[in-house]
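Content type TSV, C-alpha atoms, from the file upload_13.tsv:
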chain	number	residue	atom	x	y	z
A	1	MET	CA	132.91	190.83	-24.89
A	2	GLU	CA	129.15	190.81	-25.38
A	3	ASP	CA	129.83	191.63	-29.05
A	4	ILE	CA	131.95	188.53	-29.58
A	5	VAL	CA	129.31	186.48	-27.81
A	6	LYS	CA	126.54	187.83	-30.02
A	7	LYS	CA	128.56	187.02	-33.11
A	8	ARG	CA	129.09	183.47	-31.89
A	9	ILE	CA	125.40	183.13	-31.06
A	10	LYS	CA	124.50	184.06	-34.63
A	11	GLN	CA	126.95	181.46	-35.93
A	12	VAL	CA	125.49	178.78	-33.69
A	13	LEU	CA	121.99	179.68	-34.84
A	14	LYS	CA	123.12	179.27	-38.44
A	15	GLY	CA	124.15	175.73	-37.62
A	16	ASP	CA	127.80	176.14	-36.68
A	17	GLN	CA	127.93	174.09	-33.52
A	18	SER	CA	131.63	174.66	-32.95
A	19	ALA	CA	131.02	178.38	-32.34
A	20	PHE	CA	129.35	177.37	-29.08
A	21	GLU	CA	132.67	176.23	-27.67
A	22	GLU	CA	133.90	179.80	-27.31
A	23	ILE	CA	130.72	180.75	-25.48
A	24	VAL	CA	131.28	177.86	-23.09
A	25	SER	CA	134.88	178.79	-22.38
A	26	LEU	CA	133.96	182.42	-21.75
A	27	TYR	CA	131.33	181.58	-19.13
A	28	GLN	CA	132.23	178.16	-17.77
A	29	ASN	CA	134.05	179.37	-14.65
A	30	ARG	CA	131.37	181.80	-13.62
A	31	LEU	CA	128.57	179.33	-14.19
A	32	TYR	CA	130.34	176.48	-12.48
A	33	GLN	CA	131.14	178.72	-9.52
A	34	VAL	CA	127.52	179.76	-9.03
A	35	CYS	CA	126.41	176.13	-9.17
A	36	TYR	CA	129.13	175.05	-6.78
A	37	ARG	CA	128.28	177.75	-4.25
A	38	MET	CA	124.58	177.05	-4.52
A	39	LEU	CA	124.85	173.27	-4.27
A	40	GLY	CA	128.04	172.85	-2.25
A	41	ASN	CA	129.15	169.81	-4.16
A	42	ARG	CA	131.58	169.62	-7.06
A	43	HIS	CA	129.99	166.67	-8.74
A	44	GLU	CA	126.50	168.17	-8.69
A	45	ALA	CA	127.86	171.56	-9.68
A	46	GLU	CA	129.42	170.10	-12.81
A	47	ASP	CA	126.26	168.20	-13.58
A	48	ILE	CA	124.04	171.27	-13.31
A	49	ALA	CA	126.43	173.69	-15.02
A	50	GLN	CA	126.70	171.27	-17.92
A	51	GLU	CA	122.93	170.93	-18.08
A	52	ALA	CA	122.65	174.73	-18.09
A	53	PHE	CA	124.95	175.05	-21.11
A	54	ILE	CA	123.14	172.30	-22.98
A	55	ARG	CA	119.78	173.95	-22.32
A	56	ALA	CA	121.19	177.26	-23.45
A	57	TYR	CA	122.35	175.61	-26.67
A	58	ILE	CA	119.01	173.94	-27.34
A	59	ASN	CA	116.99	177.08	-26.55
A	60	LEU	CA	119.38	179.59	-28.04
A	61	HIS	CA	116.77	180.64	-30.61
A	62	THR	CA	114.59	181.92	-27.74
A	63	PHE	CA	117.31	184.24	-26.42
A	64	ASP	CA	116.50	187.88	-27.07
A	65	GLN	CA	119.71	189.17	-28.62
A	66	LYS	CA	119.01	192.70	-27.47
A	67	ARG	CA	119.61	191.54	-23.90
A	68	LYS	CA	122.69	190.56	-22.01
A	69	PHE	CA	123.63	186.95	-22.64
A	70	SER	CA	125.21	186.35	-19.24
A	71	THR	CA	121.96	187.32	-17.51
A	72	TRP	CA	120.06	184.74	-19.52
A	73	LEU	CA	122.69	182.08	-18.87
A	74	TYR	CA	122.79	182.80	-15.13
A	75	ARG	CA	119.01	182.54	-15.06
A	76	ILE	CA	119.04	179.06	-16.59
A	77	ALA	CA	121.72	177.94	-14.14
A	78	THR	CA	120.14	179.38	-10.98
A	79	ASN	CA	116.74	177.93	-11.89
A	80	LEU	CA	118.31	174.51	-12.34
A	81	CYS	CA	120.14	174.85	-9.02
A	82	ILE	CA	116.98	175.86	-7.18
A	83	ASP	CA	115.12	172.90	-8.72
A	84	ARG	CA	117.90	170.58	-7.65
A	85	ILE	CA	117.92	171.93	-4.09
A	86	ARG	CA	114.16	171.52	-3.83
A	87	LYS	CA	114.28	167.98	-5.15
A	88	LYS	CA	116.95	167.10	-2.63
A	89	LYS	CA	114.72	167.94	0.28
A	90	PRO	CA	111.06	167.12	-0.13
A	91	ASP	CA	110.02	169.45	2.69
A	92	THR	CA	106.75	167.76	3.58
A	93	PHE	CA	108.28	164.35	4.18
A	94	LEU	CA	111.30	165.29	6.22
A	95	ASP	CA	110.03	163.42	9.27
A	96	ALA	CA	109.24	160.23	7.41
A	97	PRO	CA	111.64	157.42	8.26
A	98	VAL	CA	114.02	156.39	5.49
A	99	PRO	CA	113.32	152.76	4.66
A	100	GLY	CA	116.03	150.34	5.73
A	101	THR	CA	117.92	152.78	7.94
A	102	ASP	CA	116.57	151.69	11.28
A	103	GLY	CA	114.79	154.79	12.46
A	104	LEU	CA	116.83	157.44	10.68
A	105	ASP	CA	114.66	160.11	9.12
A	106	HIS	CA	115.38	162.36	6.16
A	107	TYR	CA	116.81	165.06	8.39
A	108	SER	CA	119.85	162.93	9.03
A	109	SER	CA	120.50	162.51	5.32
A	110	LEU	CA	120.70	166.25	4.68
A	111	ALA	CA	124.24	167.48	4.62
A	112	HIS	CA	124.09	170.82	6.38
A	113	ASP	CA	120.54	171.49	7.28
A	114	SER	CA	121.01	170.50	10.84
A	115	PRO	CA	123.91	172.54	12.22
A	116	LEU	CA	127.08	170.67	12.99
A	117	PRO	CA	128.41	170.59	16.55
A	118	GLU	CA	130.34	173.74	17.37
A	119	GLU	CA	133.70	172.11	17.84
A	120	GLU	CA	133.41	170.55	14.37
A	121	VAL	CA	132.75	173.96	12.85
A	122	GLU	CA	135.71	175.47	14.66
A	123	LYS	CA	138.02	172.84	13.24
A	124	MET	CA	137.03	173.75	9.69
A	125	GLU	CA	139.41	175.40	7.28
A	126	GLN	CA	138.40	178.92	6.30
A	127	GLN	CA	137.25	177.93	2.81
A	128	GLU	CA	135.35	174.95	4.04
A	129	ARG	CA	133.67	177.20	6.57
A	130	VAL	CA	132.62	179.71	3.90
A	131	GLN	CA	130.89	176.99	1.92
A	132	TYR	CA	129.32	175.60	5.08
A	133	GLU	CA	127.83	178.95	6.05
A	134	ILE	CA	126.50	179.58	2.54
A	135	SER	CA	124.88	176.16	2.47
A	136	ARG	CA	123.08	176.91	5.73
A	137	LEU	CA	121.33	179.92	4.24
A	138	PRO	CA	117.70	179.35	3.24
A	139	ASP	CA	117.69	178.80	-0.56
A	140	LYS	CA	115.64	181.96	-1.18
A	141	TYR	CA	118.44	184.08	0.24
A	142	ARG	CA	121.23	181.82	-0.96
A	143	SER	CA	120.81	182.57	-4.67
A	144	ALA	CA	120.70	186.33	-4.10
A	145	ILE	CA	123.68	186.25	-1.73
A	146	VAL	CA	125.78	184.08	-4.06
A	147	LEU	CA	125.07	186.33	-7.05
A	148	ARG	CA	125.81	189.44	-4.98
A	149	TYR	CA	128.92	188.44	-3.07
A	150	ILE	CA	130.46	185.56	-5.00
A	151	GLU	CA	129.70	186.74	-8.52
A	152	GLU	CA	129.72	190.39	-7.43
A	153	LEU	CA	126.85	191.32	-9.69
A	154	PRO	CA	124.92	194.59	-9.42
A	155	LEU	CA	121.48	194.44	-7.77
A	156	GLN	CA	119.74	195.34	-11.02
A	157	GLU	CA	121.28	192.37	-12.82
A	158	ILE	CA	120.40	190.02	-9.97
A	159	SER	CA	116.82	191.19	-10.21
A	160	GLU	CA	116.80	190.30	-13.93
A	161	ILE	CA	118.43	186.92	-13.34
A	162	LEU	CA	116.03	185.90	-10.60
A	163	GLU	CA	113.10	187.62	-12.34
A	164	LEU	CA	112.20	189.39	-9.13
A	165	PRO	CA	111.51	193.07	-8.48
A	166	LEU	CA	114.54	195.04	-7.30
A	167	GLY	CA	112.93	195.62	-3.91
A	168	THR	CA	112.49	191.88	-3.36
A	169	VAL	CA	116.12	191.23	-4.26
A	170	LYS	CA	117.24	193.86	-1.76
A	171	THR	CA	115.06	192.35	0.95
A	172	ARG	CA	116.49	188.91	0.28
A	173	ILE	CA	120.03	190.16	0.45
A	174	HIS	CA	119.30	192.05	3.66
A	175	ARG	CA	117.75	188.97	5.22
A	176	GLY	CA	120.56	186.83	3.90
A	177	ARG	CA	123.10	189.10	5.57
A	178	GLU	CA	121.15	189.02	8.82
A	179	ALA	CA	120.90	185.22	8.66
A	180	LEU	CA	124.63	184.99	8.09
A	181	ARG	CA	125.30	187.37	10.95
A	182	LYS	CA	123.28	185.20	13.30
A	183	GLN	CA	124.95	182.02	12.05
A	184	MET	CA	128.37	183.48	12.67
A	185	LYS	CA	127.91	185.49	15.84
A	186	LYS	CA	130.66	183.56	17.52
A	187	LEU	CA	133.20	184.12	14.80
B	1	MET	CA	117.64	203.37	27.65
B	2	LYS	CA	115.25	204.11	24.81
B	3	PRO	CA	115.12	201.57	21.97
B	4	CYS	CA	117.05	202.34	18.79
B	5	PRO	CA	115.09	203.83	15.89
B	6	GLU	CA	113.76	201.06	13.65
B	7	GLU	CA	115.29	202.49	10.51
B	8	ILE	CA	118.85	202.18	11.80
B	9	VAL	CA	119.15	198.53	10.71
B	10	GLN	CA	117.67	199.48	7.33
B	11	TYR	CA	120.34	202.19	7.00
B	12	MET	CA	123.00	199.61	7.76
B	13	HIS	CA	121.81	197.51	4.83
B	14	ASP	CA	121.48	200.53	2.58
B	15	TYR	CA	125.05	201.36	3.50
B	16	LEU	CA	126.20	197.82	2.67
B	17	ASP	CA	124.34	197.99	-0.64
B	18	GLY	CA	126.14	201.25	-1.38
B	19	GLU	CA	122.77	202.95	-1.74
B	20	ILE	CA	122.56	205.18	1.32
B	21	THR	CA	121.77	208.87	1.02
B	22	ARG	CA	124.14	211.35	2.59
B	23	ARG	CA	121.53	212.37	5.12
B	24	ASP	CA	120.84	208.78	6.22
B	25	GLU	CA	124.53	208.05	6.43
B	26	GLN	CA	124.92	210.99	8.75
B	27	ILE	CA	122.13	209.71	10.99
B	28	LEU	CA	123.63	206.21	10.98
B	29	SER	CA	127.13	207.26	11.92
B	30	GLU	CA	125.88	209.56	14.66
B	31	HIS	CA	123.80	206.75	16.07
B	32	LEU	CA	126.62	204.21	15.90
B	33	GLU	CA	128.88	206.53	17.83
B	34	LYS	CA	126.63	206.47	20.83
B	35	CYS	CA	125.01	203.00	20.60
B	36	GLN	CA	127.21	199.99	21.32
B	37	ALA	CA	124.58	197.40	20.44
B	38	CYS	CA	124.09	198.84	16.95
B	39	GLN	CA	127.83	199.18	16.53
B	40	LYS	CA	128.16	195.49	17.24
B	41	HIS	CA	125.33	194.69	14.82
B	42	MET	CA	126.97	196.73	12.08
B	43	ASP	CA	130.30	195.16	12.81
B	44	GLN	CA	128.87	191.64	12.57
B	45	LEU	CA	127.18	192.44	9.27
B	46	SER	CA	130.37	193.89	7.80
B	47	ARG	CA	132.34	190.88	8.95
B	48	SER	CA	129.81	188.49	7.43
B	49	VAL	CA	130.13	190.28	4.11
B	50	ALA	CA	133.93	190.27	4.30
B	51	PHE	CA	133.81	186.60	5.18
B	52	LEU	CA	131.68	185.84	2.09
B	53	LYS	CA	133.99	187.84	-0.11
B	54	SER	CA	136.94	185.82	1.16
B	55	ALA	CA	135.54	182.80	-0.69
B	56	SER	CA	138.19	181.67	-3.11
B	57	HIS	CA	137.51	181.79	-6.80
B	58	ILE	CA	136.34	178.46	-8.14
B	59	GLU	CA	137.15	177.30	-11.64
B	60	ALA	CA	135.40	174.78	-13.81
B	61	PRO	CA	137.11	171.38	-13.77
B	62	GLU	CA	139.55	170.24	-16.42
B	63	GLY	CA	137.89	169.19	-19.68
B	64	PHE	CA	134.56	170.77	-18.74
B	65	SER	CA	133.94	172.48	-22.08
B	66	ASP	CA	135.02	169.37	-24.02
B	67	ARG	CA	132.47	167.33	-22.18
B	68	ILE	CA	129.78	169.85	-22.96
B	69	MET	CA	130.66	170.00	-26.63
B	70	ALA	CA	130.59	166.21	-26.75
B	71	SER	CA	127.16	166.00	-25.20
B	72	LEU	CA	125.43	168.64	-27.31
B	73	PRO	CA	122.66	167.18	-29.43
B	74	LYS	CA	124.05	166.50	-32.88
B	75	GLU	CA	123.00	168.87	-35.59
B	76	ARG	CA	121.32	166.24	-37.76
B	77	GLN	CA	121.05	166.36	-41.49
B	78	GLY	CA	117.89	168.16	-42.35
B	79	ALA	CA	118.02	170.26	-39.22
B	80	GLY	CA	118.26	173.29	-41.45
B	81	VAL	CA	115.18	172.21	-43.37
B	82	ARG	CA	113.26	171.73	-40.17
B	83	ARG	CA	114.33	175.15	-38.89
B	84	TRP	CA	113.18	176.67	-42.18
B	85	PHE	CA	109.83	174.95	-41.81
B	86	GLY	CA	109.60	176.28	-38.29
B	87	ARG	CA	110.07	179.83	-39.53
B	88	HIS	CA	107.66	179.50	-42.45
B	89	PRO	CA	104.74	177.40	-41.24
B	90	MET	CA	102.40	178.46	-44.05
B	91	LEU	CA	104.86	177.59	-46.80
B	92	ALA	CA	105.65	174.39	-44.97
B	93	ALA	CA	101.98	173.46	-44.90
B	94	VAL	CA	101.60	174.19	-48.60
B	95	ALA	CA	104.75	172.21	-49.44
B	96	MET	CA	103.51	169.35	-47.33
B	97	PHE	CA	100.13	169.42	-49.03
B	98	VAL	CA	101.60	169.42	-52.53
B	99	LEU	CA	103.93	166.57	-51.58
B	100	LEU	CA	101.16	164.44	-50.10
B	101	ALA	CA	98.74	165.18	-52.92
B	102	GLY	CA	101.39	164.22	-55.47
B	103	LEU	CA	102.21	161.02	-53.63
B	104	ALA	CA	98.58	160.05	-53.31
B	105	LEU	CA	98.00	160.70	-56.98
B	106	PHE	CA	100.83	158.54	-58.22
B	107	SER	CA	100.33	155.74	-55.76
B	108	ASN	CA	96.68	155.61	-56.84
B	109	PHE	CA	97.70	155.43	-60.42
B	110	ASN	CA	100.21	152.66	-59.80
B	111	THR	CA	98.22	150.41	-57.50
B	112	SER	CA	95.21	150.60	-59.75
B	113	ASP	CA	97.36	149.35	-62.60
B	114	GLN	CA	96.52	145.68	-62.13
B	115	GLN	CA	93.16	145.38	-60.42
B	116	LEU	CA	89.78	145.55	-61.98
B	117	ALA	CA	87.60	148.14	-60.33
B	118	VAL	CA	83.96	148.69	-61.10
B	119	SER	CA	81.32	150.94	-59.67
B	120	THR	CA	78.69	148.96	-57.79
B	121	GLN	CA	75.44	148.73	-59.60
B	122	PRO	CA	73.47	145.54	-58.90
B	123	ASN	CA	72.66	144.58	-62.46
B	124	LEU	CA	76.21	144.75	-63.85
B	125	VAL	CA	77.70	141.41	-64.91
B	126	VAL	CA	81.38	140.86	-64.33
B	127	GLU	CA	83.18	138.03	-66.19
B	128	GLY	CA	86.93	137.96	-65.62
B	129	ASN	CA	88.00	141.49	-66.53
B	130	LYS	CA	84.94	141.98	-68.65
B	131	VAL	CA	82.13	144.16	-67.35
B	132	ILE	CA	78.83	143.80	-69.11
B	133	VAL	CA	75.73	145.93	-69.09
B	134	PRO	CA	73.30	143.19	-70.23
B	135	GLU	CA	70.87	143.82	-73.01
B	136	GLY	CA	67.50	144.98	-71.78
B	137	GLU	CA	68.93	146.02	-68.39
B	138	LYS	CA	69.04	149.60	-67.22
B	139	VAL	CA	72.01	150.67	-65.01
B	140	GLU	CA	71.23	153.68	-62.92
B	141	GLY	CA	73.92	156.14	-61.86
B	142	ASP	CA	77.43	156.87	-63.20
B	143	LEU	CA	79.34	153.83	-64.43
B	144	PHE	CA	83.03	153.58	-63.70
B	145	VAL	CA	85.42	150.84	-64.90
B	146	ARG	CA	89.12	150.67	-64.29
B	147	ASN	CA	91.48	148.07	-65.80
B	148	GLY	CA	88.79	146.24	-67.61
B	149	GLU	CA	86.72	145.85	-70.77
B	150	LEU	CA	83.34	147.42	-70.73
B	151	HIS	CA	80.61	145.98	-72.93
B	152	ILE	CA	77.50	148.04	-73.09
B	153	GLU	CA	74.54	146.19	-74.51
B	154	GLY	CA	71.81	147.70	-72.38
B	155	GLU	CA	71.12	151.16	-71.06
B	156	VAL	CA	73.21	153.39	-68.73
B	157	GLU	CA	71.50	156.27	-67.07
B	158	GLY	CA	74.50	158.45	-66.24
B	159	ASP	CA	78.13	159.10	-67.24
B	160	VAL	CA	80.49	156.33	-68.32
B	161	THR	CA	84.19	156.48	-67.47
B	162	VAL	CA	86.71	153.84	-68.55
B	163	ILE	CA	90.26	154.02	-67.26
B	164	ASN	CA	93.07	151.87	-68.67
B	165	GLY	CA	90.65	149.70	-70.48
B	166	SER	CA	88.50	149.42	-73.53
B	167	LYS	CA	84.88	150.00	-74.27
B	168	TYR	CA	82.59	148.20	-76.60
B	169	MET	CA	79.12	149.44	-77.36
B	170	ALA	CA	76.49	147.25	-78.96
B	171	SER	CA	73.93	148.73	-81.30
B	172	THR	CA	71.35	148.43	-78.55
B	173	ALA	CA	73.49	150.52	-76.13
B	174	VAL	CA	72.08	153.70	-74.70
B	175	VAL	CA	74.14	156.08	-72.52
B	176	THR	CA	72.40	159.16	-71.28
B	177	GLY	CA	75.50	160.91	-69.86
B	178	LYS	CA	79.04	161.62	-71.11
B	179	ILE	CA	81.40	158.87	-72.19
B	180	GLU	CA	85.05	159.21	-71.30
B	181	GLU	CA	88.03	156.91	-71.89
B	182	ILE	CA	91.30	157.48	-70.11
B	183	ASP	CA	94.40	155.46	-70.96
B	184	ARG	CA	97.63	157.18	-70.12
B	185	ALA	CA	99.10	158.44	-66.93
B	186	PHE	CA	98.93	162.00	-68.04
B	187	GLU	CA	95.27	161.79	-68.81
B	188	TRP	CA	94.62	160.11	-65.49
B	189	LEU	CA	96.44	162.95	-63.85
B	190	TRP	CA	94.38	165.50	-65.71
B	191	TYR	CA	91.20	163.70	-64.82
B	192	THR	CA	92.14	163.58	-61.14
B	193	ILE	CA	93.01	167.25	-61.11
B	194	LYS	CA	89.73	168.12	-62.81
B	195	SER	CA	87.72	166.24	-60.24
B	196	GLY	CA	90.12	167.21	-57.47
B	197	VAL	CA	89.58	170.90	-58.06
B	198	LYS	CA	85.86	170.45	-57.63
B	199	GLU	CA	86.28	168.58	-54.36
B	200	GLY	CA	89.28	170.67	-53.41
B	201	LEU	CA	87.25	173.82	-53.25
B	202	SER	CA	85.25	172.41	-50.41
B	203	VAL	CA	88.36	171.00	-48.72
B	204	PHE	CA	90.13	174.34	-48.71
B	205	GLU	CA	87.32	175.97	-46.84
B	206	GLY	CA	87.89	173.66	-43.86
B	207	PRO	CA	91.05	173.81	-41.70
B	208	ASP	CA	94.08	172.20	-43.32
B	209	PRO	CA	95.17	169.28	-41.12
B	210	ASP	CA	98.78	169.73	-42.30
B	211	ASP	CA	98.88	173.06	-40.52
B	212	GLU	CA	99.08	171.38	-37.14
B	213	GLU	CA	101.89	169.11	-38.14
B	214	LYS	CA	105.24	170.84	-37.90

So, in terms of structure tokens, how does the structure I just supplied come out?
Amino acid sequence: MEDIVKKRIKQVLKGDQSAFEEIVSLYQNRLYQVCYRMLGNRHEAEDIAQEAFIRAYINLHTFDQKRKFSTWLYRIATNLCIDRIRKKKPDTFLDAPVPGTDGLDHYSSLAHDSPLPEEEVEKMEQQERVQYEISRLPDKYRSAIVLRYIEELPLQEISEILELPLGTVKTRIHRGREALRKQMKKL
Amino acid sequence: MKPCPEEIVQYMHDYLDGEITRRDEQILSEHLEKCQACQKHMDQLSRSVAFLKSASHIEAPEGFSDRIMASLPKERQGAGVRRWFGRHPMLAAVAMFVLLAGLALFSNFNTSDQQLAVSTQPNLVVEGNKVIVPEGEKVEGDLFVRNGELHIEGEVEGDVTVINGSKYMASTAVVTGKIEEIDRAFEWLWYTIKSGVKEGLSVFEGPDPDDEEK
């Protein structure tokens, strides 16, 4: 598959824009899935996955064709997701009141950062619960966990995507698993 | 009850990563057999992983790739040229230089078609398009007339250049330098190149400003 992709990349670089369509259809599900699991929202996931493909197209000439294309593409997407997550919660101003909301602060506008009441969680459907638990993971661990268990990528590839040493990736996955275990003790 | 060895939890994760050595696996399983707390820990970790893996496969929404293809920046005409320039900056700079030099040359030639231009010496007399070096006067420095008639009755200490015009010399005229008359575009071109090469040599030693423009 990588061979077909490399052929299409060369065509795109020569100015054949339509060759990019095949690249998109080959990777769209995987990329959209990562974004969805990272962000927990279909609308945002589509937004970011689309942005990732457009950036890939614009910067295609910087892609080192000796490397694996999917790694490069995943890297663009996870970086965009992490940026989006960070923008969503400006961590230093969480306590500041939101103007016009009569005393509500930013904590109350974050979807899952404050845990839901237990009975609410118990009422959740299985799939809803999976997404809920992923979204409660700290974002450092979330990207590694999503790439490992949703995309089922090998540790080495995750280390290349996140541009982190293998040891750091392992630590993050270990901590992610421990965090999940604690979140779900009552399961 | 003595506390469990610290490395047991690490072994659990190594096991889950599929990267445990046979020796460590042996130690882990022996420990789990006799320690309920660690058994529970291991069990919770395995269940968390299984729970994650139960996440259903998500597919991109309908029309996703169409929307991407529609929002890609359009490959504009000339994109190829720009890419070529990007790959060959030196050639691009040279091409740019030649283009600009050519443009400057011809625009100079054309705009100077109508207007009278004279070098500025104080004792020159200008009447309409007639430039006169009066009798008995001495003009110092090179004299330059474009689009006009030059009448030399006095003395010029320097070169005389007449472009697109005519020159009349009285018997009293004295010119110490060279006299040159240029009428046609080609000659103007040649003249500019001649003087351009002289100046150009010094220009080329400095950095070419076109280099920065890509």

- Message: Between CA of Tyr141 in chain A and CA of Lys185 in chain A, what distance in Å does the model show, to one decimal?
- Response: 18.3 Å

- Task: Using all atoms listed in the file, select each residue of chain A with any atom at most 8 Å away from an atom of chain B, and give the selection as a PyMOL selection string.
- Result: chain A and resi 15+17-18+20-21+24-25+28-30+32-33+46+50+53-54+57-58+127+130-131+149-150+174+177-178+180-181+184-185

- Between CA of Thr161 in chain B and CA of Gly128 in chain B - distance in Å to one decimal: 18.8 Å

- Hey, what's within 10 Å of Val156 in chain B if we count all atoms listed in the file and toss same-chain stuff fewer than 3 positions away? As number ranges by chain, please? B: 133, 137-143, 152-153, 159-160, 173-177

- Message: Counting only C-alpha atoms, which residue out of A:Lys87, A:Arg42, A:Lys6, A:Lys14 sits closest to Lys68 in chain A?
- Response: A:Lys6

- Task: Record the distance separating CA of Glu133 in chain A and CA of Gln183 in chain A, expressed in Å with one decimal.
- Result: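 Distance reported for this atom pair: 7.3 Å.
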
Could you list as a tab-separated table (two decimals) with C-alpha atoms, in the frame of the given file every residue that has an atom within 9 Å of (116.3, 197.9, -8.9), using the file's coordinates and counting only C-alpha atoms?
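What landed in result.tsv:
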chain	number	residue	atom	x	y	z
A	155	LEU	CA	121.48	194.44	-7.77
A	156	GLN	CA	119.74	195.34	-11.02
A	157	GLU	CA	121.28	192.37	-12.82
A	158	ILE	CA	120.40	190.02	-9.97
A	159	SER	CA	116.82	191.19	-10.21
A	165	PRO	CA	111.51	193.07	-8.48
A	166	LEU	CA	114.54	195.04	-7.30
A	167	GLY	CA	112.93	195.62	-3.91
A	169	VAL	CA	116.12	191.23	-4.26
A	170	LYS	CA	117.24	193.86	-1.76
